[in-house]
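Shown next: final_34.tsv, containing TSV, C-alpha atoms and all ligand atoms.
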chain	number	residue	atom	x	y	z
A	1	MET	CA	5.04	-20.94	14.96
A	2	ILE	CA	2.19	-18.48	15.52
A	3	TYR	CA	1.40	-16.73	12.28
A	4	LEU	CA	-0.37	-13.39	12.69
A	5	ASP	CA	0.71	-11.79	9.42
A	6	ASN	CA	-2.23	-12.79	7.27
A	7	ASN	CA	-2.66	-9.38	5.63
A	8	ALA	CA	0.78	-9.94	4.08
A	9	THR	CA	-0.18	-13.40	2.90
A	10	THR	CA	-2.12	-16.43	4.09
A	11	ARG	CA	-1.30	-20.09	4.31
A	12	ILE	CA	-2.53	-22.00	1.29
A	13	HIS	CA	-5.43	-24.20	2.33
A	14	PRO	CA	-4.66	-27.95	1.93
A	15	GLU	CA	-7.86	-28.37	-0.14
A	16	VAL	CA	-6.71	-25.58	-2.43
A	17	LEU	CA	-3.37	-27.27	-2.93
A	18	SER	CA	-5.00	-30.62	-3.74
A	19	ALA	CA	-7.29	-28.92	-6.26
A	20	MET	CA	-4.24	-27.36	-7.94
A	21	LEU	CA	-1.93	-30.36	-8.12
A	22	PRO	CA	-3.41	-32.12	-11.18
A	23	TRP	CA	-3.02	-28.90	-13.16
A	24	LEU	CA	0.66	-28.74	-12.28
A	25	THR	CA	1.34	-32.36	-13.16
A	26	ASP	CA	-0.66	-34.52	-15.60
A	27	GLN	CA	-3.15	-31.88	-16.79
A	28	TYR	CA	-0.63	-29.57	-18.37
A	29	ALA	CA	-2.40	-28.65	-21.61
A	30	ASN	CA	-2.82	-25.09	-22.83
A	31	PRO	CA	-6.45	-24.00	-22.28
A	32	SER	CA	-6.44	-22.36	-25.71
A	33	SER	CA	-5.72	-25.68	-27.46
A	34	VAL	CA	-8.71	-27.18	-29.23
A	35	HIS	CA	-7.94	-30.80	-28.33
A	36	GLN	CA	-9.82	-32.47	-25.52
A	37	PHE	CA	-6.83	-32.16	-23.20
A	38	GLY	CA	-6.81	-28.37	-23.68
A	39	GLN	CA	-10.55	-28.12	-23.34
A	40	GLU	CA	-10.40	-29.76	-19.92
A	41	ALA	CA	-8.11	-26.96	-18.77
A	42	ARG	CA	-10.50	-24.42	-20.32
A	43	GLN	CA	-13.39	-25.92	-18.36
A	44	ALA	CA	-11.38	-25.79	-15.13
A	45	ILE	CA	-10.75	-22.08	-15.70
A	46	GLU	CA	-14.41	-21.42	-16.40
A	47	ALA	CA	-15.42	-23.27	-13.22
A	48	ALA	CA	-13.03	-21.03	-11.28
A	49	ARG	CA	-14.49	-17.95	-12.98
A	50	TYR	CA	-17.88	-18.98	-11.67
A	51	GLN	CA	-16.42	-19.33	-8.15
A	52	LEU	CA	-14.75	-15.90	-8.34
A	53	ALA	CA	-17.99	-14.34	-9.58
A	54	ALA	CA	-19.76	-15.79	-6.54
A	55	LEU	CA	-17.13	-14.27	-4.24
A	56	ALA	CA	-17.36	-10.85	-5.92
A	57	GLY	CA	-21.13	-11.00	-6.44
A	58	CYS	CA	-20.68	-10.11	-10.11
A	59	ARG	CA	-21.47	-11.61	-13.51
A	60	ILE	CA	-19.24	-14.42	-14.69
A	61	SER	CA	-18.27	-12.45	-17.80
A	62	GLU	CA	-17.02	-9.57	-15.63
A	63	VAL	CA	-14.16	-11.60	-14.11
A	64	ILE	CA	-10.71	-11.16	-15.66
A	65	PHE	CA	-7.93	-13.29	-14.18
A	66	THR	CA	-4.67	-11.51	-13.37
A	67	SER	CA	-1.35	-12.32	-11.75
A	68	GLY	CA	-2.45	-10.79	-8.45
A	69	GLY	CA	-3.75	-7.69	-6.73
A	70	THR	CA	-0.92	-5.52	-8.02
A	71	GLU	CA	-1.69	-6.34	-11.64
A	72	ALA	CA	-5.42	-5.87	-11.05
A	73	ASP	CA	-4.79	-2.38	-9.60
A	74	ASN	CA	-2.39	-1.44	-12.41
A	75	ALA	CA	-4.80	-2.75	-15.04
A	76	ALA	CA	-7.83	-0.97	-13.55
A	77	ILE	CA	-6.17	2.44	-13.31
A	78	THR	CA	-4.13	2.35	-16.51
A	79	GLY	CA	-7.03	0.85	-18.46
A	80	ILE	CA	-9.44	3.61	-17.44
A	81	ALA	CA	-6.85	6.33	-18.01
A	82	ALA	CA	-6.24	4.96	-21.52
A	83	GLY	CA	-9.93	5.22	-22.46
A	84	ALA	CA	-10.70	8.52	-20.68
A	85	PRO	CA	-11.89	11.53	-22.70
A	86	PRO	CA	-9.23	14.26	-23.07
A	87	GLU	CA	-11.15	16.77	-20.92
A	88	ARG	CA	-11.10	14.39	-17.94
A	89	ARG	CA	-7.47	14.31	-16.83
A	90	THR	CA	-7.94	14.00	-13.06
A	91	ILE	CA	-7.83	10.89	-10.87
A	92	VAL	CA	-9.00	11.10	-7.26
A	93	THR	CA	-7.61	8.71	-4.66
A	94	SER	CA	-7.08	8.44	-0.89
A	95	ALA	CA	-3.92	9.14	1.08
A	96	VAL	CA	-3.76	5.57	2.40
A	97	GLU	CA	-3.76	3.35	-0.70
A	98	HIS	CA	-1.47	0.37	-1.22
A	99	SER	CA	1.68	1.00	-3.25
A	100	ALA	CA	0.13	-0.93	-6.17
A	101	VAL	CA	-2.26	2.02	-6.56
A	102	ARG	CA	0.07	4.79	-5.37
A	103	GLU	CA	2.90	3.91	-7.72
A	104	THR	CA	0.59	3.47	-10.72
A	105	LEU	CA	-0.79	6.94	-10.04
A	106	ALA	CA	2.72	8.36	-9.60
A	107	GLY	CA	3.49	7.04	-13.10
A	108	LEU	CA	0.40	8.75	-14.52
A	109	ALA	CA	1.30	11.99	-12.70
A	110	ARG	CA	4.61	11.96	-14.58
A	111	LEU	CA	2.60	11.74	-17.80
A	112	GLY	CA	0.69	14.89	-16.87
A	113	TRP	CA	-2.35	13.51	-15.05
A	114	ASN	CA	-3.71	15.53	-12.13
A	115	ILE	CA	-3.79	13.22	-9.08
A	116	ILE	CA	-5.76	14.39	-6.03
A	117	GLU	CA	-5.28	12.61	-2.69
A	118	ILE	CA	-8.15	12.85	-0.23
A	119	PRO	CA	-6.96	12.89	3.40
A	120	VAL	CA	-8.16	10.69	6.24
A	121	ASP	CA	-8.75	11.60	9.89
A	122	ILE	CA	-7.02	10.15	12.94
A	123	SER	CA	-9.36	7.12	12.95
A	124	GLY	CA	-8.52	6.41	9.33
A	125	HIS	CA	-11.83	7.61	7.85
A	126	LEU	CA	-11.94	9.37	4.51
A	127	ASN	CA	-12.85	13.05	4.42
A	128	MET	CA	-16.04	12.74	2.35
A	129	ARG	CA	-16.55	16.50	2.18
A	130	MET	CA	-13.17	16.93	0.50
A	131	LEU	CA	-13.95	14.08	-1.86
A	132	GLU	CA	-17.14	15.81	-2.91
A	133	GLU	CA	-15.35	19.13	-3.33
A	134	ALA	CA	-12.61	17.55	-5.44
A	135	LEU	CA	-15.16	15.88	-7.70
A	136	GLY	CA	-17.09	19.15	-8.01
A	137	GLU	CA	-14.00	21.15	-8.93
A	138	HIS	CA	-12.18	18.76	-11.31
A	139	LYS	CA	-13.49	16.82	-14.28
A	140	THR	CA	-12.51	13.41	-12.98
A	141	ALA	CA	-11.96	10.28	-15.06
A	142	LEU	CA	-11.48	7.87	-12.16
A	143	VAL	CA	-11.90	7.58	-8.41
A	144	THR	CA	-9.67	4.83	-7.02
A	145	ILE	CA	-10.18	4.25	-3.31
A	146	MET	CA	-9.66	1.02	-1.40
A	147	TRP	CA	-12.35	-1.00	0.36
A	148	ALA	CA	-10.36	-2.02	3.47
A	149	ASN	CA	-6.97	-0.78	4.54
A	150	ASN	CA	-4.21	-3.38	4.68
A	151	GLU	CA	-2.46	-1.78	7.65
A	152	THR	CA	-5.30	-0.78	9.96
A	153	GLY	CA	-8.22	-2.79	8.58
A	154	VAL	CA	-10.35	0.39	8.46
A	155	VAL	CA	-13.18	0.01	5.97
A	156	PHE	CA	-14.25	2.87	3.73
A	157	ASP	CA	-17.87	3.53	2.81
A	158	VAL	CA	-17.43	2.37	-0.78
A	159	ALA	CA	-21.16	2.65	-1.50
A	160	ALA	CA	-21.16	6.36	-0.61
A	161	ILE	CA	-17.89	6.94	-2.50
A	162	GLY	CA	-19.27	5.15	-5.57
A	163	HIS	CA	-22.48	7.23	-5.51
A	164	LEU	CA	-20.48	10.45	-5.39
A	165	ALA	CA	-18.25	9.27	-8.25
A	166	ARG	CA	-21.31	8.43	-10.37
A	167	GLN	CA	-22.97	11.78	-9.65
A	168	HIS	CA	-19.88	13.45	-11.11
A	169	GLY	CA	-19.51	11.17	-14.12
A	170	ALA	CA	-16.36	9.44	-12.85
A	171	VAL	CA	-15.57	5.72	-12.97
A	172	PHE	CA	-15.03	4.11	-9.54
A	173	HIS	CA	-12.37	1.47	-8.91
A	174	THR	CA	-11.87	-0.10	-5.49
A	175	ASP	CA	-8.93	-2.18	-4.33
A	176	ALA	CA	-10.82	-4.89	-2.43
A	177	VAL	CA	-7.75	-7.06	-1.85
A	178	GLN	CA	-8.14	-6.95	1.94
A	179	ALA	CA	-11.94	-7.15	1.86
A	180	ALA	CA	-12.44	-10.17	-0.39
A	181	GLY	CA	-13.34	-13.25	1.61
A	182	LYS	CA	-13.79	-11.17	4.78
A	183	THR	CA	-16.93	-9.25	3.87
A	184	PRO	CA	-19.56	-9.79	1.12
A	185	LEU	CA	-18.65	-7.68	-1.93
A	186	ARG	CA	-21.97	-7.72	-3.88
A	187	PHE	CA	-20.41	-6.00	-6.89
A	188	SER	CA	-23.62	-6.12	-8.96
A	189	ASP	CA	-25.56	-4.16	-6.34
A	190	MET	CA	-22.84	-1.62	-5.61
A	191	PRO	CA	-21.96	1.60	-7.45
A	192	ILE	CA	-18.52	0.17	-8.26
A	193	ASP	CA	-17.15	-0.14	-11.80
A	194	LEU	CA	-13.89	-2.04	-11.21
A	195	LEU	CA	-12.73	-4.13	-8.26
A	196	SER	CA	-9.36	-5.80	-7.50
A	197	ILE	CA	-8.93	-9.16	-5.77
A	198	SER	CA	-5.82	-11.14	-4.79
A	199	GLY	CA	-5.92	-14.92	-4.27
A	200	HIS	CA	-3.20	-15.25	-1.66
A	201	LYS	CA	-5.03	-13.10	0.87
A	202	PHE	CA	-7.77	-15.72	1.35
A	203	HIS	CA	-5.80	-18.98	1.44
A	204	GLY	CA	-5.30	-19.22	-2.31
A	205	PRO	CA	-1.95	-19.33	-4.11
A	206	LYS	CA	0.37	-16.35	-4.58
A	207	GLY	CA	0.54	-14.82	-8.05
A	208	THR	CA	-3.21	-15.08	-8.62
A	209	GLY	CA	-5.85	-12.37	-8.70
A	210	ALA	CA	-8.79	-10.98	-10.57
A	211	LEU	CA	-10.02	-7.66	-11.86
A	212	ILE	CA	-13.80	-7.33	-12.02
A	213	VAL	CA	-14.83	-4.93	-14.78
A	214	ARG	CA	-18.45	-3.87	-15.08
A	215	ARG	CA	-19.99	-4.58	-18.45
A	216	GLY	CA	-20.07	-1.67	-20.84
A	217	ASN	CA	-17.18	0.11	-19.19
A	218	LYS	CA	-14.68	2.13	-21.25
A	219	TRP	CA	-11.78	0.19	-19.76
A	220	ARG	CA	-8.93	-0.80	-22.11
A	221	PRO	CA	-6.79	-3.92	-21.66
A	222	PHE	CA	-3.51	-3.46	-19.84
A	223	ILE	CA	-1.59	-6.60	-20.81
A	224	ARG	CA	-1.84	-7.23	-24.52
A	225	GLY	CA	-1.04	-10.41	-26.35
A	226	GLY	CA	-3.18	-13.36	-27.33
A	227	PRO	CA	-6.98	-13.40	-27.20
A	228	GLN	CA	-7.15	-14.92	-23.70
A	229	GLU	CA	-9.73	-13.61	-21.23
A	230	ARG	CA	-11.83	-12.46	-24.23
A	231	ASP	CA	-9.08	-10.15	-25.45
A	232	ARG	CA	-8.91	-8.44	-22.09
A	233	ARG	CA	-5.69	-9.98	-20.73
A	234	GLY	CA	-3.16	-11.62	-23.01
A	235	GLY	CA	-0.97	-14.50	-21.88
A	236	THR	CA	-1.39	-18.24	-21.34
A	237	GLU	CA	-3.46	-18.66	-18.21
A	238	ASN	CA	-1.99	-19.84	-14.90
A	239	VAL	CA	-4.38	-22.79	-14.85
A	240	ALA	CA	-3.31	-24.30	-11.52
A	241	GLY	CA	-3.27	-20.88	-9.86
A	242	ILE	CA	-6.69	-19.96	-11.22
A	243	VAL	CA	-8.13	-23.31	-10.11
A	244	GLY	CA	-6.60	-22.83	-6.66
A	245	MET	CA	-7.92	-19.29	-6.29
A	246	GLY	CA	-11.34	-20.51	-7.43
A	247	ARG	CA	-11.38	-23.18	-4.74
A	248	ALA	CA	-10.21	-20.68	-2.12
A	249	ALA	CA	-12.98	-18.28	-3.23
A	250	ALA	CA	-15.61	-21.01	-2.93
A	251	MET	CA	-14.35	-21.86	0.56
A	252	ALA	CA	-14.42	-18.20	1.59
A	253	VAL	CA	-18.02	-17.85	0.37
A	254	GLN	CA	-18.95	-21.01	2.26
A	255	ARG	CA	-17.37	-19.65	5.45
A	256	MET	CA	-19.07	-16.27	5.14
A	257	GLU	CA	-22.50	-17.66	4.34
A	258	HIS	CA	-22.63	-20.85	6.36
A	259	SER	CA	-20.33	-20.46	9.34
A	260	ASP	CA	-19.63	-17.97	12.08
A	261	ASP	CA	-15.89	-18.19	11.62
A	262	ASN	CA	-15.54	-14.51	10.72
A	263	ALA	CA	-17.27	-13.66	14.02
A	264	ARG	CA	-14.90	-16.07	15.81
A	265	ILE	CA	-11.90	-14.28	14.28
A	266	ALA	CA	-13.33	-10.88	15.26
A	267	GLY	CA	-13.71	-12.20	18.82
A	268	LEU	CA	-10.10	-13.38	18.90
A	269	ARG	CA	-8.87	-10.05	17.51
A	270	ASP	CA	-10.86	-8.13	20.13
A	271	HIS	CA	-9.53	-10.42	22.88
A	272	LEU	CA	-5.99	-9.78	21.68
A	273	GLU	CA	-6.52	-6.01	21.66
A	274	GLN	CA	-8.23	-5.86	25.03
A	275	GLY	CA	-5.59	-8.11	26.55
A	276	ILE	CA	-2.76	-5.93	25.25
A	277	LEU	CA	-4.37	-2.59	26.05
A	278	GLY	CA	-5.30	-3.82	29.52
A	279	ALA	CA	-1.84	-5.13	30.39
A	280	ILE	CA	0.46	-2.66	28.66
A	281	PRO	CA	0.42	1.05	29.46
A	282	ASP	CA	0.80	3.55	26.62
A	283	SER	CA	-0.47	1.19	23.97
A	284	HIS	CA	-3.15	2.32	21.50
A	285	ILE	CA	-5.29	0.94	18.69
A	286	ASN	CA	-4.57	2.72	15.41
A	287	GLY	CA	-7.72	3.09	13.33
A	288	ASP	CA	-11.43	3.15	14.15
A	289	ALA	CA	-12.08	0.10	16.31
A	290	THR	CA	-15.67	-0.20	15.13
A	291	ALA	CA	-15.36	0.10	11.34
A	292	ARG	CA	-12.70	-2.48	10.54
A	293	ILE	CA	-12.37	-5.81	8.81
A	294	MET	CA	-12.56	-8.53	11.41
A	295	ASN	CA	-9.02	-9.87	11.33
A	296	THR	CA	-6.78	-6.82	11.73
A	297	ALA	CA	-5.35	-5.12	14.81
A	298	ASN	CA	-2.85	-2.29	14.49
A	299	ILE	CA	-1.45	-1.43	17.91
A	300	GLY	CA	1.02	1.32	18.67
A	301	PHE	CA	3.44	1.00	21.59
A	302	ASP	CA	4.68	4.45	22.60
A	303	ARG	CA	8.39	5.26	22.47
A	304	LEU	CA	9.41	1.96	20.84
A	305	GLU	CA	10.54	0.93	17.37
A	306	ALA	CA	8.37	-1.70	15.70
A	307	GLU	CA	11.43	-3.58	14.41
A	308	ALA	CA	12.69	-4.26	17.94
A	309	ILE	CA	9.29	-5.61	18.98
A	310	LEU	CA	9.09	-7.79	15.88
A	311	ILE	CA	12.52	-9.29	16.55
A	312	LEU	CA	11.56	-10.27	20.10
A	313	LEU	CA	8.22	-11.63	18.91
A	314	SER	CA	10.08	-13.63	16.32
A	315	GLN	CA	12.27	-15.13	19.06
A	316	HIS	CA	9.01	-16.47	20.52
A	317	GLU	CA	8.12	-17.77	17.04
A	318	ILE	CA	5.38	-15.18	16.61
A	319	CYS	CA	5.06	-13.56	13.18
A	320	ALA	CA	3.53	-10.11	12.98
A	321	SER	CA	4.29	-7.07	10.88
A	322	ALA	CA	5.13	-3.38	11.08
A	323	GLY	CA	2.65	-1.62	8.84
A	324	ALA	CA	2.77	-2.79	5.21
A	325	ALA	CA	4.95	-5.83	4.59
A	326	CYS	CA	7.01	-3.99	2.01
A	327	SER	CA	7.90	-1.20	4.43
A	328	SER	CA	9.19	-3.58	7.13
A	329	GLY	CA	12.87	-3.02	7.72
A	330	SER	CA	12.63	0.73	7.19
A	331	LEU	CA	12.50	2.97	10.22
A	332	GLU	CA	10.01	5.39	8.71
A	333	PRO	CA	6.42	5.12	9.97
A	334	SER	CA	4.16	4.01	7.15
A	335	HIS	CA	2.41	6.52	4.87
A	336	VAL	CA	-0.90	5.25	6.26
A	337	LEU	CA	-0.12	6.13	9.89
A	338	ARG	CA	1.40	9.42	8.76
A	339	ALA	CA	-1.73	10.27	6.77
A	340	MET	CA	-3.78	9.55	9.92
A	341	HIS	CA	-1.54	11.92	11.90
A	342	ILE	CA	-0.80	9.24	14.48
A	343	PRO	CA	1.78	10.87	16.82
A	344	GLU	CA	5.38	9.90	15.98
A	345	ARG	CA	5.93	8.33	19.40
A	346	THR	CA	3.10	5.85	18.68
A	347	ALA	CA	3.54	5.39	14.92
A	348	HIS	CA	7.15	4.17	15.18
A	349	GLY	CA	6.10	1.34	17.47
A	350	ALA	CA	3.04	0.21	15.50
A	351	ILE	CA	2.57	-3.53	15.08
A	352	ARG	CA	0.01	-5.12	12.81
A	353	PHE	CA	-1.44	-8.42	13.95
A	354	SER	CA	-3.59	-10.02	11.26
A	355	LEU	CA	-5.49	-13.23	11.98
A	356	SER	CA	-6.91	-15.95	9.74
A	357	HIS	CA	-9.17	-18.98	9.83
A	358	PHE	CA	-6.22	-21.00	11.08
A	359	THR	CA	-5.72	-18.75	14.14
A	360	THR	CA	-6.67	-20.38	17.46
A	361	SER	CA	-7.51	-18.93	20.87
A	362	GLN	CA	-4.49	-20.79	22.30
A	363	GLU	CA	-2.27	-18.84	19.94
A	364	ILE	CA	-3.80	-15.51	20.98
A	365	ASP	CA	-3.34	-16.45	24.65
A	366	ALA	CA	0.30	-17.31	23.96
A	367	VAL	CA	0.84	-13.87	22.41
A	368	LEU	CA	-0.86	-12.22	25.37
A	369	ARG	CA	1.48	-14.07	27.75
A	370	VAL	CA	4.68	-12.77	26.14
A	371	MET	CA	3.68	-9.31	24.96
A	372	PRO	CA	3.83	-7.41	28.31
A	373	GLU	CA	7.27	-8.79	29.07
A	374	ILE	CA	8.58	-7.89	25.59
A	375	ILE	CA	7.36	-4.30	25.83
A	376	GLN	CA	8.60	-3.91	29.40
A	377	ARG	CA	12.03	-5.22	28.47
A	378	LEU	CA	12.35	-2.81	25.53
A	379	ARG	CA	11.08	0.15	27.52
A	380	LYS	CA	13.53	-0.58	30.35
A	381	ALA	CA	16.36	-0.29	27.85
A	382	LEU	CA	15.24	3.21	26.80
A	383	PRO	CA	17.16	6.23	28.10
A	384	ALA	CA	15.28	7.89	30.97
A	385	ILE	CA	13.26	10.94	29.94
B	401	LIG	C1	-4.67	-3.45	-0.25
B	401	LIG	C2	-3.73	-4.23	-1.13
B	401	LIG	N1	-3.71	-4.01	-2.44
B	401	LIG	C3	-2.92	-4.68	-3.28
B	401	LIG	C4	-2.04	-5.64	-2.80
B	401	LIG	C5	-1.16	-6.37	-3.77
B	401	LIG	O1	-1.63	-7.67	-4.00
B	401	LIG	P1	-0.64	-8.80	-4.57
B	401	LIG	O2	0.29	-9.17	-3.46
B	401	LIG	O3	-1.55	-9.93	-4.95
B	401	LIG	O4	0.05	-8.22	-5.76
B	401	LIG	C6	-2.00	-5.90	-1.43
B	401	LIG	C7	-1.03	-6.87	-0.87
B	401	LIG	O5	-0.46	-6.67	0.18
B	401	LIG	C8	-2.87	-5.18	-0.58
B	401	LIG	O6	-2.87	-5.40	0.74
Give the structure from the file, written as structure tokens.
Amino acid sequence: MIYLDNNATTRIHPEVLSAMLPWLTDQYANPSSVHQFGQEARQAIEAARYQLAALAGCRISEVIFTSGGTEADNAAITGIAAGAPPERRTIVTSAVEHSAVRETLAGLARLGWNIIEIPVDISGHLNMRMLEEALGEHKTALVTIMWANNETGVVFDVAAIGHLARQHGAVFHTDAVQAAGKTPLRFSDMPIDLLSISGHKFHGPKGTGALIVRRGNKWRPFIRGGPQERDRRGGTENVAGIVGMGRAAAMAVQRMEHSDDNARIAGLRDHLEQGILGAIPDSHINGDATARIMNTANIGFDRLEAEAILILLSQHEICASAGAACSSGSLEPSHVLRAMHIPERTAHGAIRFSLSHFTTSQEIDAVLRVMPEIIQRLRKALPAI
């Protein structure tokens, strides 16, 4: 099988799994228990917190473990809204956020919050002028805008967005789920107040994540219960998951700082794109080819439906995706491609290939061998125009 759906989820790294296993078997104590057995689990969690802080470039005390990126996004937005002053009832976001952000904001809109969506252009870039205007016109509690887009890989200028937010007295949250492990985050040096991470996007286990909350922030806890995570997230910790995500974070830092594997992946992605665009007429890259995370290619094939392409790819044991994983199976182009005003004839046939550290050049060559034939076969079946 050739797995090119790594923005949906990644394969758990064997080292991550081995690090987790003791905490799923013999080391089952509750980290809140005072006995030695419990304290060993506590220490394992604190070691993972250190590893997450290194990945995010933040202080150890700023890391709050969550059940994933979705919870981190919900907690960031709801927690800032809960502590916002009554005169600041606006939240500014982009038109291309993940549903974890979009749906949380839709819930707040129903409660009377004013939600402003900033558009993007055809390359996926945010309209910074409109962002500035929105912040000038509305007393804004929160700006929530992602770091890297899950469908196109396009990276936003989070430093510039954060500076604008600060100038206007707004808190800035960024969903860095698709950026973590692929680009240095350097939270402490950035004008970012809250940042979301998900473990399963960088070879950690599913159901793990973290919300980084800058010290001194007016954020209020989202999940209440026991005093875990220093009263910031109730609930007995997922010790094995946290340990696994910690190990995955440490491995990602190691790769970014001491290997050129990210450059290798970028090279494979570019080879895939050039190979496809060179061999297949009426195929296009969706999103700015220069300002993207290194592992993502979103390619539109005119006049085709993505589902048909995915089925034929699957027959060759190649896994890719049509836009966001959750929108696969629906025939509607994704909200991201719509927001970019990608023409309908291209957007319907958009395939996302997302690579990982396990991707090899042989796999990319295998995809390049079958792709032209797949597209030709589907186009032949189309009614003549
Ligand atoms: C940009 C982005 N945000 C949030 C999420 C949700 O993360 P999780 O699957 O850990 O809940 C995803 C997952 O696809 C994502 O790509």
Go ahead and fit an axis-aligned box to every listed atom of ligand LIG 401 (chain B) plus 4 Å each side, and pass me the centre and edge lengths in Å, one decimal, as lines of an AutoDock Vina configuration file.
center_x = -2.2
center_y = -6.7
center_z = -2.5
size_x = 13.0
size_y = 14.5
size_z = 14.5
Practice problem: One decimal, Å: what's the distance from atom O2 of ligand LIG 401 (chain B) over to CA of Thr9 in chain A, could you say? | Solution: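 Taking atom O2 of ligand LIG 401 (chain B) and CA of Thr9 in chain A, their separation equals 7.7 Å.
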Within 8 Å of ligand LIG 401 (chain B): each chain A residue with its shortest pair, all atoms listed in the file, as a tab-separated table:
residue	atom	partner	partner_atom	distance
A:Asn7	CA	B:LIG401	O6	6.3
A:Ala8	CA	B:LIG401	O5	5.2
A:Thr9	CA	B:LIG401	O5	7.3
A:Ser67	CA	B:LIG401	O3	7.2
A:Gly68	CA	B:LIG401	O3	3.7
A:Gly69	CA	B:LIG401	O1	3.5
A:Thr70	CA	B:LIG401	O4	3.7
A:Glu71	CA	B:LIG401	O4	6.4
A:Ala72	CA	B:LIG401	O4	8.0
A:Asp73	CA	B:LIG401	C3	7.0
A:Glu97	CA	B:LIG401	C1	6.9
A:His98	CA	B:LIG401	N1	5.1
A:Ser99	CA	B:LIG401	C3	7.3
A:Ala100	CA	B:LIG401	C3	5.6
A:Val101	CA	B:LIG401	N1	7.4
A:Met146	CA	B:LIG401	C1	6.8
A:Ala148	CA	B:LIG401	C1	6.9
A:Asn149	CA	B:LIG401	C1	5.9
A:Asn150	CA	B:LIG401	O6	4.6
A:Glu151	CA	B:LIG401	O6	7.8
A:Asp175	CA	B:LIG401	N1	5.8
A:Ala176	CA	B:LIG401	C1	6.7
A:Val177	CA	B:LIG401	C2	5.0
A:Gln178	CA	B:LIG401	C1	5.4
A:Ser196	CA	B:LIG401	C3	7.8
A:Ile197	CA	B:LIG401	O3	7.5
A:Ser198	CA	B:LIG401	O3	4.4
A:Gly199	CA	B:LIG401	O3	6.7
A:His200	CA	B:LIG401	O3	6.5
A:Lys201	CA	B:LIG401	O3	7.5
A:Lys206	CA	B:LIG401	O3	6.7
A:Gly207	CA	B:LIG401	O3	6.2
A:Thr208	CA	B:LIG401	O3	6.5
A:Gly209	CA	B:LIG401	O3	6.2
A:Ala324	CA	B:LIG401	O5	7.1
A:Ala325	CA	B:LIG401	O5	7.0
Quiz item: Restricting the calculation to all atoms listed in the file, which member of A:Pro119, A:His284, A:Ala41, A:Ile374 is positioned closest to Leu310 in chain A?
Solution: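 Counting all atoms listed in the file, the residue closest to Leu310 in chain A is A:Ile374.
Across A:Val370, A:Leu24, A:Ala170, A:Ala308, the tightest approach to Arg88 in chain A is made by A:Ala170 when counting all atoms listed in the file.
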Quiz item: Given the choices A:Ile318, A:Cys58, A:Met245, A:Ile64, which gets closest to Leu211 in chain A if the distance is worked out from all atoms listed in the file?
Solution: A:Ile64
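Compared by their closest atoms to Arg369 in chain A, and using all atoms listed in the file, the residues A:Gly38, A:Gly275, A:Gly153, A:Pro205 rank with A:Gly275 nearest.
Near Arg233 in chain A, within 9 Å and counting only C-alpha atoms, sit Ile64, Phe65, Thr66, Pro221, Phe222, Ile223, Arg224, Gly225, Gly226, Pro227, Gln228, Glu229, Arg230, Asp231 and Gly235 of chain A, not including residues fewer than 2 positions from it in the same chain.
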Quiz item: Taking all atoms listed in the file into account, which of A:Gly162, A:Ile122, A:Ala240, A:Arg377 comes nearest Pro343 in chain A?
Solution: A:Ile122
Quiz item: What is the CA of Gly234 in chain A to CA of Thr144 in chain A distance in Å?
Solution: 23.8 Å
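Nearest residue to Arg220 in chain A, choosing from A:Arg11, A:Ala19, A:Thr78, A:Arg379 and counting only C-alpha atoms: A:Thr78.
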Within 8 Å of Arg49 in chain A, counting all atoms listed in the file, which residues qualify if same-chain residues fewer than 6 places away don't, as a CSV table (one decimal) with C-alpha atoms, keeping the file's coordinate frame?
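Result file part08.csv:
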chain,number,residue,atom,x,y,z
A,60,ILE,CA,-19.2,-14.4,-14.7
A,63,VAL,CA,-14.2,-11.6,-14.1
A,246,GLY,CA,-11.3,-20.5,-7.4
Quiz item: Mind pulling up the distance from CA of Phe202 in chain A to CA of Tyr28 in chain A?
Solution: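 The value is 25.1 Å.
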Sort by chain and increasing residue number a table of all residues of range 315-365 of chain A within 12 Å of range 181-186 of chain A, each with its closest pair of atoms and their distance in Å to one decimal, counting only C-alpha atoms, and write it as a tab-separated table.
residue	atom	partner	partner_atom	distance
A:Leu355	CA	A:Lys182	CA	11.2
A:Ser356	CA	A:Lys182	CA	9.7
A:His357	CA	A:Lys182	CA	10.4
Around the point (0.0, 7.9, 7.3) (coordinates from the file), which residues reach within 6 Å if we count all atoms listed in the file? Answer as a PDB file with C-alpha atoms, keeping the file's coordinate frame.
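Dumped everything to selection-v3.pdb:
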ATOM      1  CA  SER A 334       4.160   4.010   7.150  1.00  0.00           C
ATOM      2  CA  HIS A 335       2.410   6.520   4.870  1.00  0.00           C
ATOM      3  CA  VAL A 336      -0.900   5.250   6.260  1.00  0.00           C
ATOM      4  CA  LEU A 337      -0.120   6.130   9.890  1.00  0.00           C
ATOM      5  CA  ARG A 338       1.400   9.420   8.760  1.00  0.00           C
ATOM      6  CA  ALA A 339      -1.730  10.270   6.770  1.00  0.00           C
ATOM      7  CA  MET A 340      -3.780   9.550   9.920  1.00  0.00           C
TER       8      MET A 340
END
Exercise. Name the residues in contact with Asp302 in chain A at a cut-off of 12 Å, using all atoms listed in the file, excluding same-chain residues fewer than 2 positions from it; report them as an MDAnalysis selection string.
Key: chainID A and resid 277 280:286 299:300 304:306 309 342:351 375:376 378:379 382
Self-check item: Residue contacts of range 106-111 of chain A (12 Å, only C-alpha atoms) excluding same-chain residues fewer than 4 positions away, as a ChimeraX atom specification
Solution: /A:74,77-82,89-93,99-102,115-117
Quiz item: Do you know which residues are at most 10 Å from Phe353 in chain A counting only C-alpha atoms, after dropping those on the same chain fewer than 5 positions away, and could you put them as a list in words?
Solution: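 That gives Tyr3, Leu4, Asp5, Asn6, Asn7, Glu151, Thr152, Arg269, Leu272, Glu273, Asn295, Thr296, Ala297, Asn298, Ile299, Ile318, Cys319, Ala320, Ser321, Ala322 and Gly323 of chain A.
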